[in-house]
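Below is the file target-v7.cif, which contains mmCIF, C-alpha atoms and all ligand atoms.
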data_upload
loop_
_atom_site.label_atom_id
_atom_site.label_comp_id
_atom_site.auth_asym_id
_atom_site.auth_seq_id
_atom_site.Cartn_x
_atom_site.Cartn_y
_atom_site.Cartn_z
CA MET E 1 9.57 6.69 10.79
CA ILE E 2 6.72 4.42 11.91
CA THR E 3 7.31 1.18 13.77
CA THR E 4 4.74 -1.04 15.37
CA THR E 5 5.93 -3.93 17.47
CA ASP E 6 3.72 -6.89 18.27
CA LEU E 7 0.69 -4.62 18.03
CA THR E 8 -2.50 -6.26 19.22
CA LYS E 9 -6.02 -4.93 19.43
CA VAL E 10 -8.88 -6.90 20.88
CA TYR E 11 -12.34 -5.34 20.76
CA ARG E 12 -14.71 -6.45 23.48
CA SER E 13 -18.37 -5.77 23.02
CA ARG E 14 -21.39 -7.53 24.50
CA GLY E 15 -19.29 -10.34 25.88
CA ARG E 16 -17.73 -11.03 22.48
CA GLU E 17 -14.08 -10.61 21.63
CA VAL E 18 -12.74 -9.70 18.20
CA THR E 19 -9.00 -9.75 17.63
CA ALA E 20 -8.65 -7.01 15.02
CA LEU E 21 -4.84 -6.87 15.23
CA ASP E 22 -2.85 -9.94 16.09
CA GLY E 23 0.82 -9.10 16.62
CA VAL E 24 1.50 -6.61 13.83
CA ASP E 25 5.11 -5.59 13.17
CA LEU E 26 5.28 -2.77 10.67
CA HIS E 27 8.29 -0.73 9.58
CA VAL E 28 7.73 2.34 7.48
CA ARG E 29 10.89 4.13 6.44
CA GLU E 30 11.25 7.89 6.40
CA GLY E 31 10.08 9.44 3.15
CA GLU E 32 8.35 6.40 1.71
CA VAL E 33 4.77 5.83 0.65
CA TYR E 34 3.64 2.62 2.30
CA GLY E 35 0.40 0.89 1.39
CA VAL E 36 -1.50 -1.57 3.54
CA VAL E 37 -3.94 -3.70 1.61
CA GLY E 38 -6.33 -6.45 2.59
CA ARG E 39 -9.93 -7.53 2.44
CA SER E 40 -12.68 -5.91 4.43
CA GLY E 41 -12.28 -6.82 8.10
CA ALA E 42 -8.56 -7.62 7.79
CA GLY E 43 -7.76 -4.93 10.38
CA LYS E 44 -6.46 -2.10 8.17
CA SER E 45 -8.52 0.69 9.72
CA THR E 46 -7.76 -0.53 13.21
CA LEU E 47 -4.05 -0.52 12.38
CA ILE E 48 -4.05 3.03 11.08
CA ARG E 49 -6.16 4.24 14.01
CA CYS E 50 -3.73 2.57 16.42
CA VAL E 51 -0.78 4.28 14.74
CA ASN E 52 -2.00 7.69 15.89
CA LEU E 53 -3.56 6.31 19.06
CA LEU E 54 -7.10 7.25 18.00
CA GLU E 55 -7.61 3.65 19.05
CA ARG E 56 -5.68 2.40 22.05
CA PRO E 57 -3.86 -0.87 21.32
CA SER E 58 -4.44 -3.78 23.71
CA SER E 59 -0.70 -4.46 23.70
CA GLY E 60 2.44 -3.74 21.72
CA THR E 61 4.08 -0.44 20.89
CA VAL E 62 3.76 2.29 18.28
CA THR E 63 6.74 4.53 17.60
CA VAL E 64 6.43 7.52 15.26
CA ALA E 65 9.47 9.67 14.48
CA GLY E 66 11.35 8.06 17.33
CA GLN E 67 8.64 8.74 19.92
CA ASP E 68 6.89 5.85 21.64
CA LEU E 69 3.25 6.97 21.49
CA THR E 70 2.00 4.00 23.48
CA ALA E 71 4.16 5.12 26.40
CA LEU E 72 2.48 8.54 26.30
CA ALA E 73 -1.06 7.25 26.27
CA GLY E 74 -3.18 7.46 29.38
CA ARG E 75 -0.71 8.44 32.09
CA GLY E 76 -2.18 11.61 33.48
CA GLN E 77 -2.74 15.07 32.08
CA ARG E 78 0.83 15.85 31.17
CA ALA E 79 1.12 12.64 29.16
CA ASN E 80 -2.15 13.46 27.41
CA ALA E 81 -0.84 16.88 26.45
CA ALA E 82 2.34 15.22 25.14
CA LEU E 83 0.23 12.76 23.16
CA ARG E 84 -1.83 15.59 21.68
CA GLN E 85 1.36 17.35 20.70
CA ALA E 86 2.77 14.19 19.12
CA ARG E 87 -0.50 13.59 17.28
CA SER E 88 -0.44 17.05 15.78
CA ARG E 89 2.69 15.87 13.93
CA ILE E 90 0.67 13.07 12.35
CA GLY E 91 -1.80 14.18 9.68
CA MET E 92 -4.81 12.07 8.83
CA VAL E 93 -6.94 11.97 5.69
CA PHE E 94 -10.31 10.21 5.63
CA GLN E 95 -12.40 8.49 2.98
CA HIS E 96 -15.38 10.79 3.53
CA PHE E 97 -13.27 13.93 4.05
CA ASN E 98 -14.79 14.77 7.48
CA LEU E 99 -15.08 18.50 6.75
CA LEU E 100 -17.28 20.81 8.81
CA SER E 101 -20.09 21.95 6.52
CA SER E 102 -20.71 25.18 8.44
CA ARG E 103 -17.13 26.40 7.96
CA THR E 104 -15.48 27.73 4.85
CA VAL E 105 -12.63 25.85 3.23
CA ARG E 106 -10.11 28.17 4.87
CA ASP E 107 -11.74 27.83 8.29
CA ASN E 108 -11.72 24.04 7.97
CA ILE E 109 -7.97 24.15 7.43
CA GLU E 110 -7.52 26.56 10.32
CA LEU E 111 -9.38 24.31 12.75
CA PRO E 112 -6.46 22.12 13.87
CA LEU E 113 -4.35 25.28 14.27
CA GLU E 114 -7.05 26.82 16.47
CA ILE E 115 -6.92 23.72 18.64
CA LEU E 116 -3.14 24.06 18.85
CA GLY E 117 -3.61 27.69 19.99
CA VAL E 118 -1.99 29.31 16.95
CA SER E 119 -2.80 33.05 16.57
CA GLY E 120 -5.44 34.17 14.05
CA LYS E 121 -3.03 35.89 11.71
CA GLU E 122 -0.63 32.98 11.63
CA ARG E 123 -3.53 30.54 11.10
CA THR E 124 -4.75 32.47 8.08
CA ARG E 125 -1.25 32.72 6.62
CA LYS E 126 -0.75 28.97 7.02
CA ALA E 127 -4.19 28.08 5.63
CA LEU E 128 -3.65 30.19 2.51
CA GLU E 129 -0.20 28.66 2.01
CA LEU E 130 -1.68 25.16 2.26
CA LEU E 131 -4.53 26.01 -0.09
CA ASP E 132 -1.96 27.11 -2.62
CA LEU E 133 -0.05 23.85 -2.10
CA VAL E 134 -3.12 21.73 -2.88
CA GLY E 135 -4.20 23.98 -5.77
CA LEU E 136 -7.35 25.42 -4.18
CA SER E 137 -6.48 29.08 -3.57
CA ALA E 138 -9.57 30.23 -5.45
CA GLN E 139 -11.89 28.25 -3.19
CA ALA E 140 -10.76 29.66 0.18
CA LYS E 141 -14.14 31.21 0.91
CA ALA E 142 -16.28 28.40 -0.48
CA TYR E 143 -18.20 25.96 1.72
CA PRO E 144 -17.65 22.19 1.46
CA ALA E 145 -21.06 21.69 -0.19
CA GLN E 146 -19.88 23.83 -3.11
CA LEU E 147 -16.90 21.58 -3.84
CA SER E 148 -16.44 18.41 -5.88
CA GLY E 149 -15.28 15.22 -4.14
CA GLY E 150 -11.73 15.71 -5.35
CA GLN E 151 -11.69 19.32 -4.10
CA LYS E 152 -13.06 18.21 -0.72
CA GLN E 153 -10.25 15.71 -0.43
CA ARG E 154 -7.72 18.43 -1.29
CA VAL E 155 -9.12 20.43 1.62
CA GLY E 156 -8.87 17.30 3.79
CA ILE E 157 -5.23 16.95 2.79
CA ALA E 158 -4.49 20.65 3.42
CA ARG E 159 -6.07 20.36 6.88
CA ALA E 160 -3.99 17.24 7.60
CA LEU E 161 -0.85 19.23 6.77
CA ALA E 162 -1.69 22.18 9.03
CA GLY E 163 0.47 20.97 11.92
CA ASP E 164 3.51 20.41 9.64
CA PRO E 165 3.35 16.66 10.13
CA LYS E 166 6.20 14.34 9.30
CA VAL E 167 3.72 11.55 8.72
CA LEU E 168 0.46 11.44 6.81
CA LEU E 169 -2.01 8.63 7.43
CA SER E 170 -4.60 8.04 4.75
CA ASP E 171 -7.65 5.88 5.35
CA GLU E 172 -9.04 4.98 1.90
CA ALA E 173 -8.60 8.60 0.79
CA THR E 174 -9.56 7.87 -2.80
CA SER E 175 -12.22 5.18 -2.34
CA ALA E 176 -15.11 7.63 -2.74
CA LEU E 177 -13.65 9.23 -5.87
CA ASP E 178 -13.94 8.46 -9.59
CA PRO E 179 -10.85 7.06 -11.37
CA GLU E 180 -9.65 10.35 -12.83
CA THR E 181 -10.02 12.26 -9.56
CA THR E 182 -8.34 9.33 -7.80
CA ARG E 183 -5.34 9.75 -10.10
CA SER E 184 -5.08 13.47 -9.38
CA ILE E 185 -5.30 12.95 -5.61
CA LEU E 186 -2.67 10.19 -5.75
CA GLN E 187 -0.46 12.50 -7.78
CA LEU E 188 -0.92 15.19 -5.13
CA LEU E 189 0.05 12.75 -2.38
CA ARG E 190 3.11 11.71 -4.38
CA ASP E 191 4.10 15.37 -4.94
CA LEU E 192 3.71 16.17 -1.24
CA ASN E 193 5.71 13.09 -0.36
CA ARG E 194 8.54 14.30 -2.59
CA GLN E 195 8.35 18.05 -1.93
CA LEU E 196 7.94 17.88 1.84
CA GLY E 197 9.72 14.58 2.49
CA LEU E 198 6.43 13.43 3.99
CA THR E 199 6.14 9.79 5.00
CA VAL E 200 2.76 8.42 3.91
CA LEU E 201 1.05 5.35 5.36
CA LEU E 202 -2.12 4.58 3.48
CA ILE E 203 -4.67 1.86 3.59
CA THR E 204 -6.57 0.86 0.53
CA HIS E 205 -8.40 -2.01 -1.06
CA GLU E 206 -7.37 -0.88 -4.53
CA MET E 207 -4.26 -2.51 -5.98
CA ASP E 208 -4.04 0.36 -8.48
CA VAL E 209 -3.29 2.73 -5.61
CA VAL E 210 -0.35 0.55 -4.58
CA LYS E 211 0.85 0.37 -8.17
CA THR E 212 0.59 4.11 -8.69
CA ILE E 213 2.29 5.53 -5.62
CA CYS E 214 3.56 2.99 -3.11
CA ASP E 215 7.23 2.26 -2.56
CA SER E 216 6.37 -0.53 -0.12
CA ALA E 217 3.30 -2.52 0.77
CA ALA E 218 1.94 -4.97 3.29
CA LEU E 219 -0.87 -7.47 2.93
CA MET E 220 -3.10 -8.00 5.97
CA LYS E 221 -5.25 -11.03 6.65
CA GLY E 222 -7.15 -11.77 9.83
CA GLY E 223 -5.35 -9.06 11.81
CA ARG E 224 -1.86 -10.15 10.75
CA VAL E 225 0.63 -8.85 8.22
CA VAL E 226 1.23 -11.86 5.99
CA GLU E 227 3.52 -10.22 3.43
CA SER E 228 5.47 -6.98 3.40
CA GLY E 229 8.39 -5.31 1.67
CA THR E 230 9.27 -2.88 -1.06
CA VAL E 231 7.21 -3.39 -4.19
CA SER E 232 10.34 -4.57 -6.02
CA GLU E 233 11.12 -7.08 -3.27
CA LEU E 234 7.57 -8.39 -3.36
CA LEU E 235 7.70 -8.78 -7.12
CA ALA E 236 10.89 -10.76 -6.71
CA THR E 237 9.41 -13.05 -4.05
CA PRO E 238 8.31 -16.42 -5.39
CA GLY E 239 4.65 -17.06 -4.66
CA SER E 240 3.98 -13.51 -3.39
CA GLU E 241 0.24 -12.96 -3.26
CA LEU E 242 0.66 -9.20 -3.46
CA ALA E 243 2.81 -9.49 -6.56
CA ALA E 244 0.22 -11.73 -8.19
CA GLU E 245 -2.56 -9.29 -7.30
CA LEU E 246 -0.57 -6.31 -8.55
CA PHE E 247 0.05 -8.11 -11.82
CA PRO E 248 -2.61 -10.72 -12.35
CA VAL E 249 -1.81 -12.84 -15.36
CA GLY E 250 -4.19 -15.52 -16.48
CA GLY E 251 -4.04 -18.08 -19.21
CA GLU E 252 -4.48 -21.83 -19.39
CA PRO E 253 -2.08 -24.27 -21.08
CA SER E 254 -3.14 -24.91 -24.66
CA GLY E 255 -2.73 -28.68 -24.42
CA PRO E 256 -0.91 -31.57 -22.74
CA ASP E 257 2.87 -31.69 -22.48
CA ARG E 258 3.27 -27.95 -22.05
CA THR E 259 5.12 -26.02 -19.37
CA VAL E 260 3.56 -22.79 -18.21
CA VAL E 261 5.90 -20.29 -16.64
CA ASP E 262 5.22 -16.90 -15.02
CA VAL E 263 8.03 -14.46 -15.68
CA THR E 264 8.38 -11.20 -13.75
CA PHE E 265 10.43 -8.41 -15.30
CA HIS E 266 11.67 -5.43 -13.36
CA GLY E 267 14.54 -3.00 -13.49
CA GLU E 268 17.07 -3.61 -16.29
CA ALA E 269 15.52 -6.92 -17.32
CA ALA E 270 12.27 -5.19 -18.28
CA THR E 271 13.95 -3.57 -21.26
CA GLN E 272 15.79 -6.63 -22.63
CA PRO E 273 14.44 -8.77 -25.49
CA VAL E 274 14.70 -11.94 -23.42
CA ILE E 275 11.77 -13.83 -24.86
CA SER E 276 13.02 -13.58 -28.44
CA GLN E 277 16.54 -14.49 -27.25
CA LEU E 278 15.11 -17.54 -25.51
CA SER E 279 13.23 -18.57 -28.61
CA ARG E 280 16.27 -18.17 -30.86
CA THR E 281 18.79 -19.74 -28.49
CA TYR E 282 16.82 -22.93 -27.94
CA ASN E 283 14.85 -22.91 -31.17
CA ILE E 284 11.54 -23.22 -29.38
CA ASP E 285 8.14 -21.68 -30.07
CA ILE E 286 6.87 -19.67 -27.15
CA SER E 287 3.23 -18.73 -26.68
CA ILE E 288 2.28 -15.75 -24.56
CA LEU E 289 -0.81 -16.71 -22.55
CA GLY E 290 -1.17 -13.47 -20.60
CA ALA E 291 0.80 -10.34 -19.79
CA ALA E 292 0.67 -7.12 -17.78
CA MET E 293 3.16 -4.28 -18.02
CA ASP E 294 3.07 -1.15 -15.91
CA THR E 295 5.13 1.44 -14.15
CA VAL E 296 5.49 0.88 -10.42
CA ALA E 297 7.10 3.61 -8.32
CA GLY E 298 8.56 5.04 -11.52
CA LYS E 299 10.06 1.75 -12.70
CA GLN E 300 8.87 -0.45 -15.49
CA VAL E 301 7.59 -3.76 -14.21
CA GLY E 302 5.76 -6.57 -15.89
CA ARG E 303 4.57 -10.11 -15.64
CA MET E 304 4.08 -12.53 -18.44
CA ARG E 305 2.69 -16.03 -18.52
CA ILE E 306 4.36 -18.00 -21.28
CA GLU E 307 3.99 -21.53 -22.49
CA LEU E 308 6.91 -23.68 -23.56
CA PRO E 309 6.48 -26.89 -25.53
CA GLY E 310 7.23 -30.05 -23.56
CA ARG E 311 7.25 -31.14 -19.96
CA PHE E 312 9.04 -29.36 -17.17
CA GLU E 313 12.02 -31.78 -17.33
CA GLU E 314 12.57 -30.81 -20.96
CA ASN E 315 12.50 -27.10 -20.09
CA VAL E 316 14.94 -26.95 -17.21
CA VAL E 317 17.63 -25.38 -19.41
CA PRO E 318 15.45 -22.66 -21.02
CA ILE E 319 14.03 -21.81 -17.57
CA GLY E 320 17.59 -21.59 -16.24
CA PHE E 321 18.38 -19.23 -19.15
CA LEU E 322 15.54 -16.90 -18.12
CA ARG E 323 16.80 -16.86 -14.55
CA GLU E 324 20.30 -16.06 -15.72
CA GLN E 325 18.88 -12.93 -17.36
CA GLY E 326 17.85 -11.76 -13.90
CA LEU E 327 14.18 -12.60 -14.29
CA GLN E 328 11.91 -13.96 -11.61
CA VAL E 329 10.58 -17.25 -12.94
CA GLU E 330 7.89 -19.44 -11.45
CA VAL E 331 6.53 -22.62 -12.92
CA ALA E 332 2.78 -22.07 -12.92
CA ALA E 333 1.50 -25.35 -14.25
CA VAL E 334 2.70 -28.44 -16.03
CA ALA E 335 -0.05 -29.69 -18.25
CA ASP E 336 0.94 -33.31 -18.52
CA ALA E 337 -1.27 -34.98 -15.99
CA VAL E 338 1.16 -34.88 -13.08
CA ASP E 339 -0.59 -35.10 -9.75
CA SER E 340 -0.29 -32.16 -7.38
CA ASP E 341 2.73 -33.73 -5.62
CA GLY E 342 4.44 -33.99 -8.95
CA LEU E 343 3.66 -30.37 -9.65
CA GLN E 344 5.04 -29.28 -6.31
CA GLU E 345 8.14 -31.34 -6.95
CA ALA E 346 8.52 -29.73 -10.33
CA ALA E 347 8.08 -26.26 -8.79
CA GLY E 348 10.58 -27.22 -6.08
CA LEU E 349 13.06 -28.32 -8.71
CA ALA E 350 12.49 -25.04 -10.46
CA LYS E 351 13.30 -23.11 -7.30
CA ASP E 352 16.44 -25.15 -6.69
CA GLY E 353 17.52 -24.28 -10.16
CA ALA E 354 17.41 -20.61 -9.21
CA GLN E 355 20.05 -20.89 -6.54
N1 LIG T 401 -15.20 -0.63 17.42
C1 LIG T 401 -15.22 -1.93 17.15
N2 LIG T 401 -15.83 -2.79 17.99
C2 LIG T 401 -15.84 -4.12 17.77
N3 LIG T 401 -15.26 -4.70 16.69
C3 LIG T 401 -14.65 -3.91 15.80
C4 LIG T 401 -14.61 -2.48 15.98
N4 LIG T 401 -13.92 -1.93 14.93
C5 LIG T 401 -13.57 -2.96 14.14
N5 LIG T 401 -14.00 -4.14 14.65
C6 LIG T 401 -13.75 -5.47 14.08
O1 LIG T 401 -12.36 -5.65 13.92
C7 LIG T 401 -12.07 -6.32 12.70
C8 LIG T 401 -11.15 -5.46 11.84
O2 LIG T 401 -11.87 -4.29 11.41
P1 LIG T 401 -11.21 -3.12 10.57
O3 LIG T 401 -12.27 -2.07 10.36
O4 LIG T 401 -9.94 -2.71 11.18
O5 LIG T 401 -10.91 -3.86 9.18
P2 LIG T 401 -10.60 -3.23 7.75
O6 LIG T 401 -9.58 -4.11 7.13
O7 LIG T 401 -10.28 -1.79 7.89
O8 LIG T 401 -11.97 -3.39 7.00
P3 LIG T 401 -12.76 -2.34 6.07
O9 LIG T 401 -11.95 -2.21 4.83
O10 LIG T 401 -14.09 -2.98 5.85
O11 LIG T 401 -12.83 -1.06 6.86
C9 LIG T 401 -13.41 -6.63 12.06
O12 LIG T 401 -13.76 -7.96 12.41
C10 LIG T 401 -14.35 -5.63 12.69
O13 LIG T 401 -15.66 -6.15 12.75
#
Show me, as structure tokens, the structure contained in the file I just sent.
Amino acid sequence: MITTTDLTKVYRSRGREVTALDGVDLHVREGEVYGVVGRSGAGKSTLIRCVNLLERPSSGTVTVAGQDLTALAGRGQRANAALRQARSRIGMVFQHFNLLSSRTVRDNIELPLEILGVSGKERTRKALELLDLVGLSAQAKAYPAQLSGGQKQRVGIARALAGDPKVLLSDEATSALDPETTRSILQLLRDLNRQLGLTVLLITHEMDVVKTICDSAALMKGGRVVESGTVSELLATPGSELAAELFPVGGEPSGPDRTVVDVTFHGEAATQPVISQLSRTYNIDISILGAAMDTVAGKQVGRMRIELPGRFEENVVPIGFLREQGLQVEVAAVADAVDSDGLQEAAGLAKDGAQ
């Protein structure tokens, strides 16, 4: 539904150049909720603004619903009209709502339809339908100042849906909201995604947002996408930074000659009593140093940091057992004074064992 190919954006101001996007390839499938995360300055806003050509990319292409938007940009009046038309099929939601304070809720939602030249009667019908969809029918005649943050964002979402978009872009839509309101707005986005088959591309700095509604995610650093995939794929990727941030597990080894292992459970494996089986099968005492369980995209997922007695070499078989149960297993630390090369070797051995 959304594809960017080798997308680059260089800002030039006062003789200085900033490469905000550095060859970004993004693939968002139809009907999925896709989250882009990254630190401040990573290029997230620039990416989302390039996707609907609010910002013109320096090079590369953006295709939305099979249409190459970059080819439409800036080639005379007809192309501009075509770009406007294409853009009307891409809704956008903003962190600070961007509502017009002098217009009622209903008139705010009608605004994009006015711009598209839709008749007054049809505009009103559509606005009322959208207000119903976002649960704000009673506030049609209110002004933005009379609404809570969550209600304002519902209006922002209704307005974004006015042109019947196939794609919704969300730029930190919940960052200005409290946790409970955030949850209700995320739920609304999820419902709209399911009910309307809407593809959602959102940027956020909150891992909880990814956990709550994203099917897929990408991590941006310095203008590049450094990791991407479905959340399940990421969780199954050894060393994935996103997986570790989604499920941070801490915990230090309790002493020397211990092997610390991070185990990721998802799908079927999340419901099996593997740790007690491991303990019984090999007659070993297992300490849980840290754990995080949650539901991601409707599936139970968890990470656990466990400690096994003995060095890595003594634990190759139990670690193999965990892998045979379909678990993702990474050796986190070997607390027996190996130098970092030794640790890497041990981790390498562990990976080989998985194949
Ligand atoms: N209009 C602009 N002119 C010059 N530089 C810009 C402009 N917009 C963004 N940048 C620079 O491009 C880089 C990426 O910025 P961008 O806003 O896309 O990052 P971000 O990941 O969205 O960060 P944040 O979460 O803080 O919004 C930054 O170094 C920023 O300073």
* To do: Determine the nearest neighbour of Val167 in chain E from the options E:Gly302, E:Gly290, E:Gly15, E:Gly31, counting all atoms listed in the file.
  =>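 Between E:Gly302, E:Gly290, E:Gly15, E:Gly31, the residue approaching Val167 in chain E most closely is E:Gly31.
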Let me have the centre and edge lengths in Å, one decimal, of the box along x, y and z around every listed atom of ligand LIG 401 (chain T) with 8 Å of margin on each side, as lines of an AutoDock Vina configuration file.
center_x = -12.7
center_y = -4.3
center_z = 11.4
size_x = 22.3
size_y = 23.3
size_z = 29.2
Would you tabulate, counting all atoms listed in the file, all residues of chain E that have an atom at most 7 Å from an atom of ligand LIG 401 (chain T), showing the closest pair of atoms and their distance in Å to one decimal, sorted by chain then ascending number, as a tab-separated table?
residue	atom	partner	partner_atom	distance
E:Tyr11	CA	T:LIG401	C2	4.8
E:Arg12	CA	T:LIG401	C2	6.3
E:Ser13	CA	T:LIG401	C2	6.1
E:Val18	CA	T:LIG401	N3	5.8
E:Thr19	CA	T:LIG401	O1	6.5
E:Ala20	CA	T:LIG401	O1	4.1
E:Gly38	CA	T:LIG401	O6	6.1
E:Arg39	CA	T:LIG401	O6	5.8
E:Ser40	CA	T:LIG401	O10	3.5
E:Gly41	CA	T:LIG401	O5	3.4
E:Ala42	CA	T:LIG401	O6	3.7
E:Gly43	CA	T:LIG401	O4	3.2
E:Lys44	CA	T:LIG401	O7	3.8
E:Ser45	CA	T:LIG401	O7	3.5
E:Thr46	CA	T:LIG401	O4	3.7
E:Leu47	CA	T:LIG401	O4	6.4
E:His205	CA	T:LIG401	O9	6.9
E:Gly223	CA	T:LIG401	C8	6.8
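Residue nearest Pro256 in chain E, chosen from E:Asp171, E:Asp6, E:Glu307, E:Glu32 and counting only C-alpha atoms: E:Glu307.
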* Asked: Counting all atoms listed in the file, which of E:Lys211, E:Arg224, E:Lys152, E:Arg190 gets nearest to Ala243 in chain E?
  -> E:Lys211
* Asked: With all atoms listed in the file as the basis for distance, which of E:Leu242, E:Val301, E:Leu289, E:Leu186 is at the shortest distance from Met207 in chain E?
  ->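 Among the listed residues, the smallest separation from Met207 in chain E belongs to E:Leu242.
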* Which residues, written as a PyMOL selection string, have at least one atom at most 12 Å from Val209 in chain E, with only C-alpha atoms counted and residues fewer than 4 positions away on the same chain left out? -> chain E and resi 33-37+170+172-175+179+182-187+189-190+202-205+213-217+246+296-297
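Separating CA of Met1 in chain E from CA of Thr212 in chain E is a distance of 21.6 Å.
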* To do: Quick one: everything within 10 Å of Val260 in chain E, counting only C-alpha atoms, minus sequence neighbours fewer than 6 positions away in the same chain. Send it as a list in words.
  => Gly251, Glu252, Pro253, Ser254, Ser287, Ile288, Leu289, Arg305, Ile306, Glu307, Leu308, Pro309, Gly310, Arg311, Phe312, Glu330, Val331, Ala332, Ala333, Val334 and Ala335 of chain E
* Provide the CA of Phe265 in chain E to CA of Val226 in chain E distance in Å, to one decimal place. =>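 We find that CA of Phe265 in chain E and CA of Val226 in chain E lie 23.4 Å from each other.
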